[in-house]
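This is data38.cif. It holds mmCIF, C-alpha atoms.
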data_entry
#
loop_
_atom_site.label_atom_id
_atom_site.label_comp_id
_atom_site.auth_asym_id
_atom_site.auth_seq_id
_atom_site.Cartn_x
_atom_site.Cartn_y
_atom_site.Cartn_z
CA MET S 5 92.01 97.11 1.05
CA PRO S 6 89.07 97.45 3.45
CA ALA S 7 86.59 97.31 0.59
CA PRO S 8 86.03 93.50 0.61
CA ILE S 9 85.64 93.45 4.38
CA VAL S 10 83.10 96.24 4.26
CA ARG S 11 81.26 94.53 1.45
CA GLU S 12 81.20 91.28 3.43
CA LEU S 13 79.92 93.08 6.47
CA ILE S 14 77.15 94.74 4.48
CA GLU S 15 76.29 91.43 2.86
CA SER S 16 76.05 89.55 6.13
CA THR S 17 73.93 92.32 7.64
CA LEU S 18 71.62 92.15 4.66
CA ASP S 19 71.52 88.34 5.01
CA ALA S 20 70.49 88.58 8.65
CA LEU S 21 67.85 91.16 7.76
CA ARG S 22 66.58 88.96 4.94
CA ALA S 23 66.36 85.95 7.28
CA LEU S 24 64.37 88.01 9.78
CA GLY S 25 62.01 89.12 7.04
CA ALA S 26 61.59 85.56 5.78
CA TYR S 27 60.76 84.40 9.33
CA ALA S 28 58.19 87.17 9.70
CA LEU S 29 56.55 86.38 6.36
CA PHE S 30 56.45 82.67 7.21
CA ALA S 31 54.90 83.48 10.60
CA VAL S 32 52.24 85.64 8.94
CA ARG S 33 51.46 82.84 6.51
CA LEU S 34 51.14 80.30 9.35
CA ALA S 35 48.89 82.69 11.31
CA ALA S 36 46.66 83.11 8.26
CA GLU S 37 46.39 79.33 7.84
CA THR S 38 45.60 78.67 11.52
CA PRO S 39 41.76 78.77 11.44
CA ARG S 40 41.62 76.39 8.48
CA ALA S 41 44.17 74.02 10.04
CA LEU S 42 42.17 73.84 13.26
CA LEU S 43 39.27 72.41 11.28
CA ARG S 44 41.34 69.34 10.40
CA PHE S 45 41.91 68.59 14.04
CA GLY S 46 42.92 64.94 13.60
CA LEU S 47 46.23 65.97 12.08
CA VAL S 48 46.87 68.42 14.94
CA VAL S 49 46.07 65.76 17.55
CA GLU S 50 48.67 63.48 16.01
CA GLN S 51 51.29 66.23 16.33
CA VAL S 52 50.28 67.10 19.90
CA HIS S 53 51.04 63.45 20.56
CA ASN S 54 54.44 63.69 18.85
CA ALA S 55 55.49 66.96 20.42
CA GLY S 56 53.80 66.64 23.79
CA ALA S 57 52.97 63.12 24.91
CA LEU S 58 56.30 61.74 23.72
CA SER S 59 58.21 64.53 25.54
CA LEU S 60 56.40 63.77 28.77
CA VAL S 61 59.01 61.45 30.29
CA ILE S 62 61.95 63.79 29.77
CA ILE S 63 59.92 66.77 31.03
CA MET S 64 58.75 64.99 34.16
CA LEU S 65 62.19 63.64 34.98
CA SER S 66 63.85 67.03 34.45
CA GLY S 67 61.13 68.77 36.44
CA LEU S 68 61.64 66.42 39.37
CA PHE S 69 65.39 66.95 39.46
CA VAL S 70 65.22 70.71 38.91
CA GLY S 71 62.71 70.91 41.77
CA MET S 72 64.91 68.77 44.01
CA VAL S 73 67.99 70.89 43.31
CA LEU S 74 65.93 74.01 43.96
CA GLY S 75 64.86 72.51 47.28
CA LEU S 76 68.45 71.79 48.23
CA GLN S 77 69.93 75.10 47.11
CA GLY S 78 66.98 77.12 48.37
CA PHE S 79 67.20 75.46 51.76
CA ASP S 80 70.93 76.16 52.01
CA LEU S 81 70.44 79.80 51.00
CA LEU S 82 67.39 80.51 53.17
CA GLN S 83 68.90 78.78 56.17
CA ARG S 84 71.56 81.48 56.28
CA PHE S 85 68.80 84.05 56.84
CA GLY S 86 66.93 81.79 59.22
CA SER S 87 63.85 81.66 57.00
CA GLU S 88 63.68 78.07 55.74
CA GLU S 89 59.88 78.26 55.84
CA SER S 90 59.97 80.48 52.74
CA LEU S 91 61.37 77.55 50.75
CA GLY S 92 57.97 76.68 49.33
CA THR S 93 57.39 80.24 48.14
CA ALA S 94 60.85 80.51 46.61
CA ALA S 95 60.58 77.18 44.82
CA ALA S 96 57.05 77.82 43.56
CA LEU S 97 57.78 81.33 42.26
CA GLY S 98 61.06 80.25 40.68
CA LEU S 99 59.47 77.30 38.93
CA LEU S 100 56.25 79.03 37.85
CA LYS S 101 57.78 82.21 36.50
CA GLU S 102 61.20 81.22 35.21
CA LEU S 103 62.46 77.66 35.37
CA GLY S 104 59.24 75.97 34.29
CA PRO S 105 58.68 77.84 31.02
CA VAL S 106 62.37 78.30 30.12
CA ILE S 107 63.71 74.80 30.80
CA THR S 108 60.64 73.25 29.22
CA ALA S 109 61.23 75.37 26.11
CA LEU S 110 64.92 74.40 25.95
CA LEU S 111 64.12 70.71 26.37
CA PHE S 112 61.32 71.05 23.84
CA ALA S 113 63.72 72.58 21.32
CA GLY S 114 66.10 69.69 21.87
CA ARG S 115 63.55 66.90 21.88
CA ALA S 116 60.62 67.94 19.67
CA GLY S 117 62.14 70.83 17.69
CA THR S 118 64.95 68.73 16.24
CA ALA S 119 62.53 65.93 15.41
CA LEU S 120 60.28 68.38 13.53
CA ALA S 121 63.15 70.03 11.67
CA SER S 122 64.79 66.79 10.58
CA GLU S 123 61.45 65.27 9.57
CA LEU S 124 60.55 68.25 7.40
CA GLY S 125 64.12 68.46 6.10
CA LEU S 126 64.06 64.82 5.04
CA MET S 127 60.68 65.35 3.37
CA ARG S 128 62.28 68.20 1.44
CA ALA S 129 65.40 66.16 0.61
CA THR S 130 63.42 63.15 -0.60
CA ASP S 131 61.15 65.38 -2.70
CA GLN S 132 58.03 64.46 -0.74
CA LEU S 133 57.12 68.13 -0.43
CA ALA S 134 57.59 68.63 -4.17
CA ALA S 135 55.40 65.58 -4.82
CA MET S 136 52.64 67.12 -2.73
CA GLU S 137 52.86 70.32 -4.72
CA MET S 138 52.58 68.26 -7.92
CA MET S 139 49.33 66.78 -6.58
CA ALA S 140 48.07 70.31 -5.84
CA VAL S 141 48.30 69.67 -2.09
CA ASP S 142 49.72 72.65 -0.25
CA PRO S 143 52.53 71.22 1.93
CA VAL S 144 52.33 74.18 4.31
CA ARG S 145 48.68 73.44 4.93
CA ARG S 146 48.97 69.65 5.08
CA VAL S 147 52.37 69.10 6.74
CA VAL S 148 53.70 72.28 8.33
CA MET S 149 50.58 73.68 10.00
CA PRO S 150 49.62 70.65 12.12
CA ARG S 151 53.21 70.38 13.39
CA PHE S 152 53.33 74.07 14.26
CA LEU S 153 49.99 74.01 16.10
CA GLY S 154 50.85 70.76 17.86
CA GLY S 155 53.94 72.40 19.34
CA VAL S 156 52.05 75.55 20.33
CA ILE S 157 49.37 73.51 22.13
CA ALA S 158 51.81 71.11 23.79
CA MET S 159 54.24 73.67 25.26
CA PRO S 160 52.05 75.34 27.95
CA LEU S 161 50.78 71.95 29.11
CA LEU S 162 54.33 70.62 29.35
CA ALA S 163 55.44 73.71 31.29
CA ALA S 164 52.54 73.31 33.76
CA ILE S 165 53.43 69.65 34.30
CA PHE S 166 57.09 70.62 34.76
CA SER S 167 56.22 73.22 37.42
CA MET S 168 53.89 70.90 39.28
CA ILE S 169 56.40 68.04 39.42
CA GLY S 170 59.15 70.54 40.31
CA ILE S 171 57.19 71.86 43.30
CA TYR S 172 56.71 68.30 44.50
CA GLY S 173 60.44 67.70 44.01
CA ALA S 174 61.27 70.74 46.12
CA GLN S 175 58.80 69.54 48.74
CA LEU S 176 60.41 66.09 48.69
CA VAL S 177 63.86 67.48 49.48
CA GLY S 178 62.82 70.43 51.66
CA VAL S 179 60.20 68.74 53.80
CA GLN S 180 61.10 65.05 53.80
CA LEU S 181 64.89 65.36 53.73
CA MET S 182 65.74 68.72 55.28
CA GLY S 183 62.93 68.92 57.79
CA VAL S 184 61.13 72.13 56.79
CA ASP S 185 57.68 72.12 58.34
CA ALA S 186 55.18 70.86 55.77
CA GLY S 187 52.41 73.18 56.94
CA GLN S 188 54.59 76.28 56.69
CA PHE S 189 55.95 75.14 53.33
CA TRP S 190 52.49 75.00 51.77
CA SER S 191 50.72 77.80 53.65
CA GLN S 192 53.45 80.40 53.01
CA MET S 193 53.43 79.40 49.35
CA ARG S 194 49.67 79.86 49.20
CA ASP S 195 49.81 83.23 50.93
CA VAL S 196 52.45 84.74 48.67
CA VAL S 197 51.94 83.22 45.23
CA GLU S 198 49.24 85.05 43.29
CA PHE S 199 46.99 83.97 40.46
CA ASP S 200 48.85 86.45 38.24
CA ASP S 201 52.11 84.55 38.76
CA VAL S 202 50.57 81.41 37.29
CA ILE S 203 49.19 83.43 34.37
CA GLU S 204 52.60 85.03 33.79
CA GLY S 205 54.25 81.61 33.54
CA ALA S 206 51.53 80.28 31.24
CA LEU S 207 51.80 83.34 28.98
CA LYS S 208 55.56 82.90 28.74
CA SER S 209 55.24 79.25 27.79
CA VAL S 210 52.70 80.07 25.06
CA VAL S 211 55.12 82.62 23.56
CA PHE S 212 58.00 80.13 23.80
CA GLY S 213 55.81 77.48 22.20
CA VAL S 214 55.13 79.72 19.22
CA ALA S 215 58.81 80.69 18.94
CA CYS S 216 60.25 77.16 19.20
CA SER S 217 57.69 75.62 16.84
CA LEU S 218 58.13 78.44 14.31
CA VAL S 219 61.91 78.04 14.29
CA ALA S 220 61.75 74.24 13.97
CA VAL S 221 59.18 74.32 11.18
CA TYR S 222 60.90 77.14 9.29
CA GLU S 223 64.35 75.63 9.43
CA GLY S 224 63.06 72.18 8.42
CA TYR S 225 60.89 73.48 5.61
CA HIS S 226 63.63 75.70 4.17
CA SER S 227 66.51 73.29 4.66
CA VAL S 228 68.98 72.58 1.84
CA PRO S 229 67.84 69.24 0.36
CA THR S 230 71.01 67.29 1.12
CA ALA S 231 72.12 65.10 4.03
CA GLU S 232 74.36 67.91 5.22
CA GLY S 233 71.59 70.47 4.81
CA VAL S 234 69.20 68.49 6.99
CA GLY S 235 71.86 68.12 9.67
CA ARG S 236 72.56 71.84 9.55
CA ALA S 237 68.86 72.66 9.78
CA THR S 238 68.59 70.53 12.92
CA THR S 239 71.55 72.26 14.53
CA ARG S 240 70.26 75.69 13.62
CA THR S 241 66.89 74.81 15.12
CA VAL S 242 68.41 74.10 18.54
CA VAL S 243 70.72 77.11 18.49
CA ILE S 244 68.16 79.65 17.25
CA SER S 245 65.35 78.36 19.49
CA SER S 246 67.51 78.35 22.61
CA VAL S 247 68.88 81.84 22.04
CA SER S 248 65.51 83.30 21.10
CA VAL S 249 63.84 81.68 24.13
CA LEU S 250 66.36 83.27 26.49
CA LEU S 251 66.09 86.61 24.70
CA LEU S 252 62.28 86.54 24.74
CA ASP S 253 62.38 85.50 28.39
CA TYR S 254 64.27 88.63 29.33
CA MET S 255 61.94 90.86 27.33
CA LEU S 256 58.77 89.23 28.69
CA THR S 257 60.04 89.41 32.25
CA ALA S 258 60.92 93.08 31.85
CA VAL S 259 57.44 93.80 30.51
CA MET S 260 55.44 91.75 33.04
CA ILE S 261 57.35 92.17 36.28
CA MET B 231 43.18 52.12 12.86
CA ARG B 232 44.33 50.65 16.14
CA GLN B 233 47.43 52.82 15.97
CA THR B 234 45.49 56.08 15.57
CA ARG B 235 43.33 55.11 18.54
CA ALA B 236 46.43 54.56 20.65
CA ILE B 237 47.77 57.94 19.56
CA GLU B 238 44.50 59.64 20.41
CA LEU B 239 44.41 57.91 23.79
CA GLY B 240 47.98 58.98 24.59
CA THR B 241 47.26 62.54 23.49
CA GLY B 242 44.10 62.63 25.55
CA LEU B 243 45.98 61.47 28.62
CA PHE B 244 48.69 64.06 28.01
CA VAL B 245 46.21 66.93 27.60
CA LEU B 246 44.30 65.79 30.69
CA LEU B 247 47.51 65.67 32.72
CA GLY B 248 48.49 69.12 31.45
CA PHE B 249 45.21 70.70 32.44
CA ALA B 250 45.26 68.87 35.77
CA ALA B 251 48.70 70.37 36.41
CA LEU B 252 47.44 73.84 35.49
CA PHE B 253 44.43 73.40 37.78
CA PHE B 254 46.73 72.22 40.57
CA LEU B 255 48.94 75.27 40.16
CA VAL B 256 45.99 77.66 40.26
CA THR B 257 44.10 76.12 43.17
CA GLN B 258 46.78 74.59 45.38
CA ILE B 259 49.68 77.01 44.99
CA THR B 260 47.79 80.31 45.08
CA ASN B 261 45.27 81.62 47.59
CA ARG B 262 42.67 82.01 44.88
CA GLU B 263 39.26 80.81 46.00
CA PHE B 264 36.72 79.93 43.38
CA GLY B 265 32.98 80.18 43.86
CA LEU B 266 33.47 82.97 46.39
CA GLY B 267 33.67 85.77 43.83
CA GLY B 268 29.97 86.51 43.60
CA ASP B 269 28.67 85.89 47.09
CA GLY B 270 29.46 87.50 50.38
CA TYR B 271 28.52 90.98 51.49
CA ARG B 272 30.55 94.16 51.37
CA LEU B 273 31.61 96.40 54.23
CA THR B 274 33.73 99.53 54.09
CA ALA B 275 36.05 101.17 56.56
CA THR B 276 38.17 104.31 56.30
CA PHE B 277 41.69 104.53 57.67
CA GLU B 278 44.18 107.32 58.25
CA GLN B 279 46.96 104.99 57.15
CA VAL B 280 46.68 101.55 55.51
CA GLY B 281 50.41 100.81 55.48
CA GLY B 282 51.18 97.68 53.45
CA LEU B 283 47.63 96.32 53.27
CA LYS B 284 46.87 94.92 49.83
CA PRO B 285 43.72 93.73 48.01
CA GLY B 286 43.31 90.00 48.69
CA ALA B 287 44.61 90.25 52.26
CA PRO B 288 42.59 88.25 54.80
CA VAL B 289 39.99 89.79 57.10
CA SER B 290 40.02 87.96 60.39
CA MET B 291 38.17 87.81 63.70
CA SER B 292 40.11 86.18 66.52
CA GLY B 293 42.45 84.71 63.89
CA VAL B 294 39.69 83.10 61.83
CA THR B 295 39.59 84.28 58.22
CA ILE B 296 36.06 85.54 57.53
CA GLY B 297 36.66 87.38 54.26
CA ARG B 298 39.13 89.25 52.10
CA VAL B 299 40.06 92.85 51.31
CA GLU B 300 38.47 93.61 47.96
CA SER B 301 39.81 97.06 47.11
CA ILE B 302 41.63 100.01 48.60
CA GLU B 303 41.01 103.53 47.30
CA TYR B 304 41.74 107.05 48.40
CA ASP B 305 38.61 108.97 49.36
CA PHE B 306 39.01 112.67 48.55
CA ASN B 307 35.89 113.64 50.51
CA GLU B 308 37.29 112.44 53.79
CA TYR B 309 40.97 112.53 52.87
CA ARG B 310 41.36 109.00 54.17
CA ALA B 311 41.92 105.59 52.62
CA ARG B 312 38.70 103.66 51.99
CA VAL B 313 39.00 99.86 52.25
CA THR B 314 36.24 97.65 50.89
CA LEU B 315 35.91 94.20 52.46
CA ARG B 316 34.05 91.19 51.17
CA ILE B 317 32.83 89.05 54.04
CA ASN B 318 31.82 85.41 53.70
CA PRO B 319 27.99 85.22 53.95
CA SER B 320 28.09 82.67 56.78
CA TYR B 321 29.65 85.29 59.07
CA ASP B 322 26.66 87.67 59.10
CA ARG B 323 26.48 88.60 62.77
CA ILE B 324 29.18 91.24 63.18
CA PRO B 325 27.91 93.86 65.68
CA ASP B 326 27.67 97.38 64.21
CA ASP B 327 29.89 98.87 66.90
CA SER B 328 32.81 96.53 66.02
CA ASP B 329 36.23 98.01 65.39
CA ALA B 330 38.65 97.28 62.55
CA GLY B 331 42.42 97.51 62.77
CA ILE B 332 45.28 96.82 60.39
CA LEU B 333 47.60 94.30 61.98
CA THR B 334 50.77 92.50 60.97
CA ALA B 335 51.21 88.73 60.97
CA GLY B 336 54.59 88.01 62.53
CA LEU B 337 57.53 90.35 62.45
CA LEU B 338 57.90 90.52 58.68
CA GLY B 339 54.60 88.92 57.70
CA GLY B 340 51.94 90.38 55.49
CA GLN B 341 49.35 92.78 56.89
CA TYR B 342 45.77 91.77 57.48
CA LEU B 343 42.61 93.40 58.71
CA GLY B 344 41.42 92.33 62.13
CA ILE B 345 37.87 92.94 63.34
CA GLY B 346 37.16 93.07 67.06
CA PRO B 347 33.47 92.47 67.87
CA GLY B 348 31.49 95.14 69.71
CA SER B 349 28.52 94.49 71.99
CA SER B 350 25.67 95.95 69.96
CA GLU B 351 22.56 93.88 69.22
CA THR B 352 22.30 95.15 65.64
CA PHE B 353 24.53 93.65 63.00
CA LEU B 354 26.39 95.09 60.03
CA ALA B 355 24.74 94.45 56.64
CA ASP B 356 25.83 94.83 53.01
CA GLY B 357 27.21 98.31 52.27
CA ASP B 358 27.61 99.37 55.90
CA GLN B 359 30.67 101.16 57.18
CA ILE B 360 32.71 100.13 60.21
CA GLN B 361 32.91 103.29 62.34
CA PHE B 362 35.79 102.58 64.67
CA THR B 363 39.11 102.01 62.96
CA GLN B 364 42.71 101.84 63.99
CA SER B 365 45.36 102.70 61.43
CA ALA B 366 48.33 100.60 60.48
CA ILE B 367 51.44 101.22 62.51
CA VAL B 368 54.21 102.71 60.43
CA LEU B 369 57.50 101.54 61.86
CA GLU B 370 59.40 104.72 60.91
CA ASN B 371 56.90 106.95 62.77
CA LEU B 372 57.14 104.70 65.80
CA ILE B 373 60.93 104.85 65.81
CA SER B 374 61.04 108.62 65.32
CA LYS B 375 58.51 109.12 68.14
CA PHE B 376 60.62 106.94 70.40
CA LEU B 377 63.83 108.77 69.50
CA PHE B 378 62.30 112.23 70.01
CA SER B 379 60.83 111.26 73.36
CA ARG B 380 64.23 109.94 74.46
CA ALA B 381 65.89 113.15 73.34
CA GLY B 382 63.28 115.15 75.24
CA GLU B 383 63.95 113.17 78.41
CA GLN B 384 67.69 113.46 78.20
CA GLN B 385 68.06 117.23 77.70
CA PRO B 386 66.71 118.37 81.09
CA ALA B 387 68.71 115.61 82.77
CA GLU B 388 71.95 116.92 81.25
CA GLY B 389 71.00 120.47 82.18
CA SER B 390 70.51 119.53 85.84
CA ALA B 391 73.83 117.66 85.83
CA GLU B 392 75.59 120.83 84.68
CA GLU B 393 73.88 122.87 87.36
CA ASP B 394 75.11 120.42 89.96
CA THR B 395 78.74 120.78 88.91
CA GLN B 396 78.50 124.54 88.95
#

Structure re-expressed in C-alpha cells:
Amino acid sequence: MPAPIVRELIESTLDALRALGAYALFAVRLAAETPRALLRFGLVVEQVHNAGALSLVIIMLSGLFVGMVLGLQGFDLLQRFGSEESLGTAAALGLLKELGPVITALLFAGRAGTALASELGLMRATDQLAAMEMMAVDPVRRVVMPRFLGGVIAMPLLAAIFSMIGIYGAQLVGVQLMGVDAGQFWSQMRDVVEFDDVIEGALKSVVFGVACSLVAVYEGYHSVPTAEGVGRATTRTVVISSVSVLLLDYMLTAVMI
Amino acid sequence: MRQTRAIELGTGLFVLLGFAALFFLVTQITNREFGLGGDGYRLTATFEQVGGLKPGAPVSMSGVTIGRVESIEYDFNEYRARVTLRINPSYDRIPDDSDAGILTAGLLGGQYLGIGPGSSETFLADGDQIQFTQSAIVLENLISKFLFSRAGEQQPAEGSAEEDTQ
C-alpha cells in the first residue's frame, strides 16, 4: 500500500531537485552572457526604464508610508524607555538594513517581476521566441538578458530611494508630529549609523535584485505556452521570489551581522 | 525615435535619483567624512584601559571635535592599549604636555577621547605620543571599589557597637 506514496514522494523530491538544477544552469548561462549583453547597452537601458523608472511611484509611496509608520511605532516604543531621541537611529538602521531592501524586493517582485514573467510567457505562447530561433537570433541573448540586467541594476537604486524617502517619512512623523527634537534626531543618527550599514543594505538589495530578476525571467521563459501556463508562471514568480527574498534575507543577515 | 528619447530621459532621471539617494544615505546618515582620509596628522597615546572606545570615535578639545580615533591596538612592549588619533591639520597647536582622557558622552552615550591642553610652548607634531593619559572608567570597578570601601567602614563600626553592649 505505501508504495505509491513513497514513489510520489521520491518523484516530487526529484522534481524539486531538478528545478533547482535547472535554475542553477540558467543562472550560469545568464552570467556567461552578461559581458556581451552589456555591450548592447541600449536594450538594457530600456529595461532599466521598465523595471526601475516605472516602479518609482509605488516605491516612493510605500517608502513614505513605511517610514511614517516606523516613526509612529518607534516613537511609541522608545517613549516607554524615555529615549525618543534615538528614533532617528532606529528608523535609519531599520530602513537601511532590513525594510528598505526587503520591501523593495517584495514590491519589485509584484510590480516588475510579474510584468517580466507574463511578457516572456506571452512571447513563448505566441511563438515569438521560436520565431527568433528560426531567424538564428538567440532569444536568451536578445530578450532575456537585457530584462535580467535591467532588474539587477534597478533594484539597488530603488532600495536606496526607498530608504531615503522612508527616513524623511520617519522624520515627518517623529519631528513634525510627535515633537522629537530635530537636532537630536539627525545627530544621533549620524553618530550611530556607520558606513558599513549602508553597504550592508546595498549588498542585500543587489542579491535580491539578482534573485528576483532570475526567478521572473526563468519562470517566464520556461512557462507552458498556454493562457493558463502564463498565468501560472506569473503566480509562481511572485511566490518564489517572495519566499527566496525572505530566506536570503535571513542568511545574509546571519552572515553580515 | 521620440519615444526612445523619452525612455532614455526617464531612465536617466531614475538612475540619477537612485545615486542621489545613495549619496544622501552615505553622507547625511552616517558620520563618514570624505576628503579627510588622507590629510591630518597622527598622534598616539597609550592607555591602561580603553573601555568602550572604538575607531571612528571623536577626539575633542573643550567639546570641539578636532579629529577621530583611527585605530586601537594592544602594545605588547608596554602591555597597554595604543590608540592612534588622526587630528585635523587646522588644529596644529596642541602643547606637548597636554593630557588625553577617555570620557563618556552622557550617561549611556558613546565614549570619546578628550584632550586637555597643557602649557608648554612646543607643540605636538605628526607621530608624537601624548605622555599623560587617563584611562577609561570601568563602571564595574568603580562599583566594586565603592562596595568594598563601604564594607571596610562598616565592620569596625559594628565591632565597637558590640563592645559597647558588653

If we count all atoms listed in the file, which residues of chain S reach to within 8 Å of chain B? Please list them as number ranges by chain. S: 49-50, 52-53, 56-57, 60, 96, 158, 160-162, 164-165, 168, 190, 193-199, 202

Could you expand the PyMOL selection byres ((chain S and resi 214) around 12) into the explicit residues it covers here, written as a ChimeraX atom specification? /S:31,34-35,109,112-113,117,149,151-160,207-213,215-222,245,248-249,252

List the residues selected by the PyMOL selection byres ((chain S and resi 126-129) around 8) in the file shown, writing them as a PyMOL selection string. chain S and resi 122-125+130-134+225+227-231+234

When distances are computed from all atoms listed in the file, which of S:Val10, S:Ser246, S:Met64, S:Glu204 shows the smallest separation from Val259 of chain S?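 Result for the nearest residue to Val259 of chain S: S:Glu204.
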
Choose the residue, out of B:Glu370, B:Asp305, B:Glu351, B:Asp329, that has the smallest atom-to-atom separation from Met291 of chain B; count only C-alpha atoms.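 Among the listed residues, the smallest separation from Met291 of chain B belongs to B:Asp329.
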
For each of S:Val73, S:Met260, S:Met138, S:Met255, take the minimum atom-to-atom distance to Gly170 of chain S, counting only C-alpha atoms, then give the residue where this is smallest.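 Nearest candidate to Gly170 of chain S out of S:Val73, S:Met260, S:Met138, S:Met255: S:Val73.
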
Written as a PDB file with C-alpha atoms, keeping the file's coordinate frame, what is the full residue list that the PyMOL selection byres ((chain S and resi 91-93) around 9) yields on the file shown?
ATOM      1  CA  LEU S  74      65.930  74.010  43.960  1.00  0.00           C
ATOM      2  CA  GLY S  75      64.860  72.510  47.280  1.00  0.00           C
ATOM      3  CA  GLY S  78      66.980  77.120  48.370  1.00  0.00           C
ATOM      4  CA  PHE S  79      67.200  75.460  51.760  1.00  0.00           C
ATOM      5  CA  LEU S  82      67.390  80.510  53.170  1.00  0.00           C
ATOM      6  CA  SER S  87      63.850  81.660  57.000  1.00  0.00           C
ATOM      7  CA  GLU S  88      63.680  78.070  55.740  1.00  0.00           C
ATOM      8  CA  GLU S  89      59.880  78.260  55.840  1.00  0.00           C
ATOM      9  CA  SER S  90      59.970  80.480  52.740  1.00  0.00           C
ATOM     10  CA  ALA S  94      60.850  80.510  46.610  1.00  0.00           C
ATOM     11  CA  ALA S  95      60.580  77.180  44.820  1.00  0.00           C
ATOM     12  CA  ALA S  96      57.050  77.820  43.560  1.00  0.00           C
ATOM     13  CA  LEU S  97      57.780  81.330  42.260  1.00  0.00           C
ATOM     14  CA  GLY S  98      61.060  80.250  40.680  1.00  0.00           C
ATOM     15  CA  ILE S 171      57.190  71.860  43.300  1.00  0.00           C
ATOM     16  CA  ALA S 174      61.270  70.740  46.120  1.00  0.00           C
ATOM     17  CA  GLN S 175      58.800  69.540  48.740  1.00  0.00           C
ATOM     18  CA  GLY S 178      62.820  70.430  51.660  1.00  0.00           C
ATOM     19  CA  VAL S 184      61.130  72.130  56.790  1.00  0.00           C
ATOM     20  CA  GLN S 188      54.590  76.280  56.690  1.00  0.00           C
ATOM     21  CA  PHE S 189      55.950  75.140  53.330  1.00  0.00           C
ATOM     22  CA  TRP S 190      52.490  75.000  51.770  1.00  0.00           C
ATOM     23  CA  SER S 191      50.720  77.800  53.650  1.00  0.00           C
ATOM     24  CA  GLN S 192      53.450  80.400  53.010  1.00  0.00           C
ATOM     25  CA  MET S 193      53.430  79.400  49.350  1.00  0.00           C
ATOM     26  CA  ARG S 194      49.670  79.860  49.200  1.00  0.00           C
ATOM     27  CA  ASP S 195      49.810  83.230  50.930  1.00  0.00           C
ATOM     28  CA  VAL S 196      52.450  84.740  48.670  1.00  0.00           C
ATOM     29  CA  VAL S 197      51.940  83.220  45.230  1.00  0.00           C
TER      30      VAL S 197
ATOM     31  CA  ILE B 259      49.680  77.010  44.990  1.00  0.00           C
TER      32      ILE B 259
END
